[in-house]
Structures are given as structure tokens and as C-alpha cells.
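Asks: Quick one: the structure is below, questions incoming.
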There are 2 protein chains.
Amino acid sequence: MNIKEIAKLANVSVATVSRVINNSNSVKESTKIKVLKVISDHNYKPDAIAKSLRKKSTGIYSIIFSVNTDKIFEADYSQELVQGALSYFSKHELKLIVDTHGNQKDLINYYKSIIDSKIVDGFVILDLRENDPRIDFLNSENFPYIVIGRNSKNNFNYIDSDNESGAFTAIEHLYQKNCKNILHIAGNKNNPVVDKRIEGSLKASKLHNINMDILYSDFSEEKAFEIYLKNKEKYDGMFFESDKMAIKILNEIKKPEIPMIGFDNIMLSKYFDLTTINQNIFEIGYNAAKNLHKLSQGQKINSIIIPTDLIERGSTNL
Amino acid sequence: MNIKEIAKLANVSVATVSRVINNSNSVKESTKIKVLKVISDHNYKPDAIAKSLRKKSTGIYSIIFSVNTDKIFEADYSQELVQGALSYFSKHELKLIVDTHGNQKDLINYYKSIIDSKIVDGFVILDLRENDPRIDFLNSENFPYIVIGRNSKNNFNYIDSDNESGAFTAIEHLYQKNCKNILHIAGNKNNPVVDKRIEGSLKASKLHNINMDILYSDFSEEKAFEIYLKNKEKYDGMFFESDKMAIKILNEIKKPEIPMIGFDNIMLSKYFDLTTINQNIFEIGYNAAKNLHKLSQGQKINSIIIPTDLIERGSTNL
DNA sequence: CTGAAAGCGCTTACAG
DNA sequence: CTGAAAGCGCTTACAG
């Protein structure tokens with residue numbers, strides 16, 4: 001069943017059927033009703049591929065995980081992000097291709113080949129680096145994309161967590177739990193996310209006149225554990241920039257010895273009764289999809305910062 | 001840059017360019033070289049949508065999660081499955097649309113609309129039910145699909161875990177840990193997966209002359225905990241049909257009082273030091289993708305049973 | 001081994 | 001308000 005057959009059955013031209021399907025307003029009401037009846041009687045559904053070829057747009061978007069295929073969804077992060085995006089896309093009859101590409105070397109070529117194949121209308125970009133070749137490439141191609149996260153350039157549209165206020169809240173929460181001497185165990189240097197968090201924690205420590213030191217762990221669970229062991233006597237509270245680091249320690253020591261707060265609110269954190277800063281990753285994914293959709297339709301959009309919130313649990317109530 | 005421009009630049013017809021692209025063997029070597037040079041010089045990549053329209057096939061597959069959008073990937077299961085499938089698809093330049101549909105009521109219409117829109121070449125079917133309307137529908141449409149799991153009809157191609165031998169191994173492992181009086185906490189009745197596991201556990205208990213009882217928990221963590229409390233004195237070993245149930249108990253009692261073994265090997269099980277039966281879900285996803293690809297190309301395929309394996313941890317080494 | 005031409009199923013300017 | 005026709009970018013039988 002195609003548009004030609006429908007046209008014949010309804011005694012109109014294919015052009016008219018097309019106008020009815022696409023709700024063009026220049027169709028006489030009686031014609032429209034007649035055509036719609038034939039369409040519904042025959043359960044006709046237009047061929048999306050043929051439509052895409054004409055319209056130069058498919059309604060399909062893509063997110064490419066640039067990691068070894070083995071561990072795409074290792075972080076809860078990716079799952080929730082995809083869920084959020086799917087929530088928007090499915091509401092709007094759009095589709096999402098989830099894809100992987102392992103080799104950093106020819107990543108740009110991979111993006112290029114997908115653009116050239118005309119299969120997708122836009123990308124969600126993950127794992128942004130400070131100097132990310134994908135940005136320059138996509139900008140030069142003038143191809144729609146939304147970045148999850150920011151860097152110091154921000155010559156792109158992004159959706160990001162409010163890392164600064166998240167870290168601010170973490171330190172303030174420790175302060176409210178009577179910590180006056182806090183260790184902030186940060187991720188790695190030259191990481192825009194980490195920099196934002198440090199801005200936030202410094203702001204809170206200054207505001208409340210708290211002594212706070214910062215050490216870098218590179219997000220390594222082992223390194224974090226070493227730092228913990230070496231410093232647990234010197235501080236009366238610790239802020240970890242990832243739940244995973246805090247959980248590594250809780251898993252070793254069983255009961256927290258000083259108040260500890262994490263970041264991310266991964267699934268495990270509930271089991272370890274870890275107080276943490278929740279990133280609303282679902283929201284991030286949802287808004288990334290929404291802005292990408294708008295962008296690919298030529299609408300003007302603004303980057304969005306999604307608030308974080310405090311999840312208070314036992315690790316700061318000793 | 002399209003096929004017409006390439007043809008002009010190479011001084012051949014578009015038909016010849018097409019033949020070169022698709023490796024048709026009836027092209028003179030020198031022509032082929034000439035055309036390939038122009039293609040590579042201009043970084044030409046064929047329009048996949050136009051190709052799809054002609055070939056009636058897109059190289060795109062879909063997996064539809066029939067749950068509330070909120071919790072698609074709640075189970076580790078779904079993530080690993082998708083990873084496995086992506087591993088195959090990306091190797092073969094195929095794409096996977098991850099999709100969701102909440103409303104059971106018009107699920108068949110949703111499948112139908114996707115088939116009619118011609119966007120995908122096949123489906124991976126999840127959450128199979130004993131009487132699953134999707135099966136009858138897809139069979140009647142003669143549309144390619146692969147089912148994850150089995151039911152008692154099996155009028156379809158499937159990939160499934162070896163639940164029977166998994167349960168057999170679980171009981172045998174408890175037996176080797178000197179359990180002679182075992183409780184098998186099963187899922188729900190009329191569930192093909194659960195039935196297979198019961199077959200397996202009965203086989204092992206008969207073989208080794210172990211006393212074994214079976215109680216149904218409906219996979220409820222609370223119910224499992226009640227069953228545990230009521231029965232922990234009566235048995236010297238327990239087999240839980242899901243890690244989640246066993247972990248609920250370990251989380252309450254902290255240290256196992258009798259040997260306990262789970263099923264699934266979810267991420268949490270490592271943290272709770274739970275011995276469990278690992279399903280090779282990545283393998284299941286990979287093989288589902290592979291068979292779906294073959295099937296949609298008209299090749300003959302066979303259903304596959306993927307072996308499970310024992311992950312021995314502390315909960316059976318007290 | 002190669003080309004001219006038809007056609008996949010749509011949409012959309014153009015004309016009336 | 002509607003239709004005839006062109007065209008999106010490919011592939012493939014057909015003919016030579």
C-alpha cells in the first residue's frame with residue numbers, strides 16, 4: 001500500500017494525499033475526510049525512507065559512545081542520559097541510534113561518514129575534551145549537535161550540570177554537619193568539570209570561613225583510598241568528586257569514620273548509605289534531545305544548566 | 001557530492017559508479033581504479049537513504065523497551081544486552097535504534113507503524129510472555145525478529161541463557177559446599193525461565209541425593225526476605241533465582257548465616273560478595289544481533305542457547 | 001564490461 | 001483547492 005494506491009482509491013492525486021498526510025491547510029475539508037477514510041481503512045502508513053529522501057531529514061538522531069564497546073554503559077550516567085533523551089524523542093516520534101566507535105584516531109571520519117550517509121539529523125556529543133576536534137569539525141560542517149558538558153571555549157550549544165553549585169552545596173552540607181576542616185578530593189587537573197566544582201567548593205569554604213584543602217585523585221578509586229588513609233586524622237570531613245571513590249573507601253572501612261559526601265548519586269550509593277550530590281542526568285538527556293530537535297529544525301536555542309540537589313544519607317549523619 | 005557528479009568526473013555512467021561502490025565484479029579493473037580515485041579524492045559517501053529506498057532495506061535494527069520510559073535500563077541486563085548487540089552491529093556498519101513504548105495496549109500498532117514506515121530491517125524482542133501477541137503479529141507480517149528468551153511454544157528464533165544448567169550448577173555448587181538440605185527460592189509460576197531453572201535444580205538434587213524444597217517468591221525482594229527469615233534454621237543452603245533477592249537479604253543481615261547463591265551476576269553482587277550464576281548477556285545480545293542480521297538477509301539461522309557460568313565468591317565460603 | 005532508462009515512494013514548486 | 005510533473009540519489013534489469 002503506497003501513496004499512489006491511496007490516491008487512486010480516494011479519487012484524488014498523490015499530491016492531495018500528501019497534503020492530507022502532512023496537514024497542509026489548503027485542502028478542502030470534504031476531500032480531507034474522504035482521503036483520511038481511505039488511509040485509515042487500509043491502515044496506510046507513509047514510507048519514512050522515501051519521505052526522508054525528499055525532505056533531506058530523517059527524524060533520527062545519534063549518540064556515539066567513543067569508548068571500547070565493552071563498557072559503554074558502565075557508568076549509570078550513560079544509561080540515565082539515554083533514558084532522558086529517549087523520553088523526549090519517543091514523545092515526538094523521533095528515533096535515536098545508539099552507536100559506538102572505539103578508535104579515537106578516525107573518530108572524525110566516522111562522524112563524517114554518518115553525516116554524509118544522511119541517516120541522522122543531529123548528534124548528542126559526549127565526553128567532551130578541552131580541545132575536542134569534533135567541535136571544530138561539526139562547526140565547519142554546520143551540522144546540528146548538542147554537547148553534554150562544557151569546556152572553556154563553549155563555542156557550541158551545551159547542556160550541563162551545575163557542577164559549581166553542586167560542589168558549593170556539598171561543602172555547605174559538611175559545614176552544617178559541623179565540619180570545619182575539610183578535604184576536597186578532586187578529579188583531574190585541566191578538566192572543566194573539576195574546575196567548576198573547585199570554584200564552588202572554594203566559594204562555600206570562604207563564605208563560611210572553613211579550612212579546606214584540595215587534592216587531585218584523577219578519579220582513581222585506589223588513589224582516593226590512599227589519600228583517605230593518609231589524611232583521615234587531619235580532617236573532619238571529606239568531599240569526593242565521585243561516588244565511586246567514596247564507595248571504594250566505604251567498602252573497605254565498612255563504617256564512615258568522618259562525614260563523607262560524594263558526587264553523582266549512582267545506584268550503588270543508596271546501598272552504601274552515602275550522602276551525595278545528585279546530578280539530574282535524566283533531565284540533561286531530555287533537554288539535550290529537545291534542544292537538538294529544535295536546532296535541527298532551525299530554531300534558535302540556548303544552552304542549559306541543570307541544577308543538582310543534595311541527597312542526604314547516613315554517611316554525613318554519624 | 002552525489003553519484004551523478006562522481007560519474008561525470010570519472011567519465012563513466014552512474015551505473016558504473018554504483019557497481020564500483022557495491023563491488024560488483026563485472027567492472028574492468030582500470031575503470032574501477034579510476035572511479036575509486038575520484039570517489040576518494042572527493043571524499044564521496046553514498047546517500048544511505050536513497051540506497052535504502054531502492055534496496056528496501058536500511059541496515060537499521062531496533063530494540064523496543066516496553067516499559068515506562070523511566071526505568072528502561074534499570075536492570076543491568078538491558079545495558080549488557082545492548083552492548084552486546086552494538087558490538088556486532090558496529091562491526092558490520094549496521095545501526096541500532098533504541099526505542100521505548102510504554103503502552104501495552106497499542107504495542108502491536110506501534111510495531112506495525114515502524115514496519116510500515118520501512119525504517120528498520122528487524123527487531124530484537126525483549127520481555128517475552130507466554131502468550132505474546134507480538135509473536136503472532138510478526139509471524140503474520142513475516143518480518144524479521146529475534147527473541148531474547150523462550151516460552152513453551154517457541155514458534156520463533158530465539159537466543160536464551162541456559163537456565164537449566166545454570167540452576168543445576170548452582171545446586172551442585174551448594175552440594176560441594178556441604179549443603180545437604182537446600183531451599184530453592186524460585187521466581188513466579190508459569191514462567192518459562194523459572195520452569196527451566198526448576199528442571200535444572202531438580203536434576204542436581206536427584207543426582208546428588210540432596211533434599212531440596214522449592215518456594216515461589218515472585219522475584220519480590222521483600223517476599224524473599226520473609227521466606228529467608230522463616231526458613232533459615234531449616235536449611236543449610238539457599239539458591240535465589242535473582243541476585244537482587246539475595247542482596248536484599250545480605251543488606252539486612254550483613255553476613256551470610258548459611259551458604260547463599262544468586263543468579264544474574266548483577267554489578268551489585270560483587271560488592272556484596274555474593275556467589276552467583278553469571279548469564280553471558282553480552283553474548284546473548286551479540287548473537288541476537290548476528291542472527292537478526294542473517295535472518296533479515298534471508299539466511300537460515302538456528303536458535304542459540306548461551307551457557308552460564310559460576311562466579312564463586314564469599315557467600316558460599318563461610 | 002558499460003550505459004540509458006526506469007523506478008523506489010514520497011514532496012513541492014508551478015500552473016490553473 | 002487540486003493535479004501533472006519534476007526530482008530527491010540511488011540500484012538494477014535490459015540491451016548491446
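If you're wondering about the labels, chains in the C-alpha cells are A, B, ... by order shown, residues count from 1 in each chain, ligands from 1 in order shown.
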Give me, as a list in words, the residues of chain A touching chain B, with the criterion being at most 7 Å (counting only C-alpha atoms).
Replies: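 Here is what falls inside 7 Å: Lys45, Pro46, Asp47, Ala48, Ile49, Ala50, Leu53, Thr69, Asp70, Ile72, Phe73, Gln79, Gln83, Leu86, Ser87, Ser90, Lys95, Leu96, Ile97, Val98, Asp99, Thr100, Ser113, Asp116, Ser117, Lys118 and Ile119 of chain A.
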Asks: Which of these residues is nearest to chain D, using only C-alpha atoms (C1' of nucleotides): B:Lys4, B:Thr308, B:Phe240, B:Ser303?
Replies: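 Checking each candidate against chain D, we get B:Lys4 as the closest.
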Asks: Taking only C-alpha atoms (C1' of nucleotides) into account, produce a table as a Markdown table in which each residue of chain C with an atom at most 7 Å from an atom of chain B appears once, together with its shortest atom pair and the distance in Å to one decimal, ordered by chain and rising number.
Replies:
| residue | atom | partner | partner_atom | distance |
| --- | --- | --- | --- | --- |
| C:DC1 | C1' | B:Val27 | CA | 6.0 |
| C:DT2 | C1' | B:Thr16 | CA | 6.9 |
| C:DG3 | C1' | B:Ser13 | CA | 6.2 |
| C:DC8 | C1' | B:Arg54 | CA | 4.7 |
Asks: Quick one: everything within 8 Å of Phe156 in chain B, counting only C-alpha atoms (C1' of nucleotides), minus sequence neighbours fewer than 2 positions away in the same chain. Send it as a ChimeraX atom specification.
Replies: /B:135,146-147,154,158
Asks: Per DSSP on the backbone, what are the alpha helix (DSSP H) residues of range 94-315 of chain A, as an MDAnalysis selection string?
Replies: chainID A and resid 107:117 133:141 163:176 192:207 221:231 243:253 267:271 281:296
Asks: Any chance you could list, as a ChimeraX atom specification, the residues in range 124-259 of chain B that come up strand (DSSP E or B) when DSSP is run on the backbone?
Replies: /B:124-125,145-148,158-161,181-186,211-216,237-240
Asks: Which polymer residues have any atom within 12 Å of an atom of DC14 in chain D, counting only C-alpha atoms (C1' of nucleotides), with same-chain residues fewer than 5 positions away left out, as a PyMOL selection string?
Replies: chain C and resi 3-6
Asks: Return as CSV the residues of range 210-310 of chain B lying at most 9 Å from range 174-178 of chain B, together with the closest atom-to-atom pair for each and the distance in Å to one decimal, counting only C-alpha atoms, with rows in chain order and ascending residue number.
Replies:
residue,atom,partner,partner_atom,distance
B:Ile210,CA,B:Tyr175,CA,7.6
B:Asp236,CA,B:Asn178,CA,8.5
B:Gly237,CA,B:Leu174,CA,6.6
B:Met238,CA,B:Leu174,CA,8.0
B:Phe239,CA,B:Leu174,CA,8.2
B:Pro259,CA,B:Leu174,CA,7.1
B:Met260,CA,B:Leu174,CA,8.0
B:Ile261,CA,B:Leu174,CA,7.8
Asks: What's the separation between CA of Ile159 in chain A and CA of Gly285 in chain A, in Å to one decimal place?
Replies: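 We find that CA of Ile159 in chain A and CA of Gly285 in chain A lie 8.3 Å from each other.
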Asks: In Å to one decimal, how far is CA of Lys255 in chain B from CA of Phe225 in chain B?
Replies: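 Between CA of Phe225 in chain B and CA of Lys255 in chain B the gap works out to 14.2 Å.
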Asks: Under the rule that only C-alpha atoms are counted, which of B:Asp243, B:Glu221, B:Asp41, B:Asp127 is the nearest residue to Asp160 in chain B?
Replies: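 Going through B:Asp243, B:Glu221, B:Asp41, B:Asp127 one by one, the smallest distance to Asp160 in chain B is for B:Asp127.
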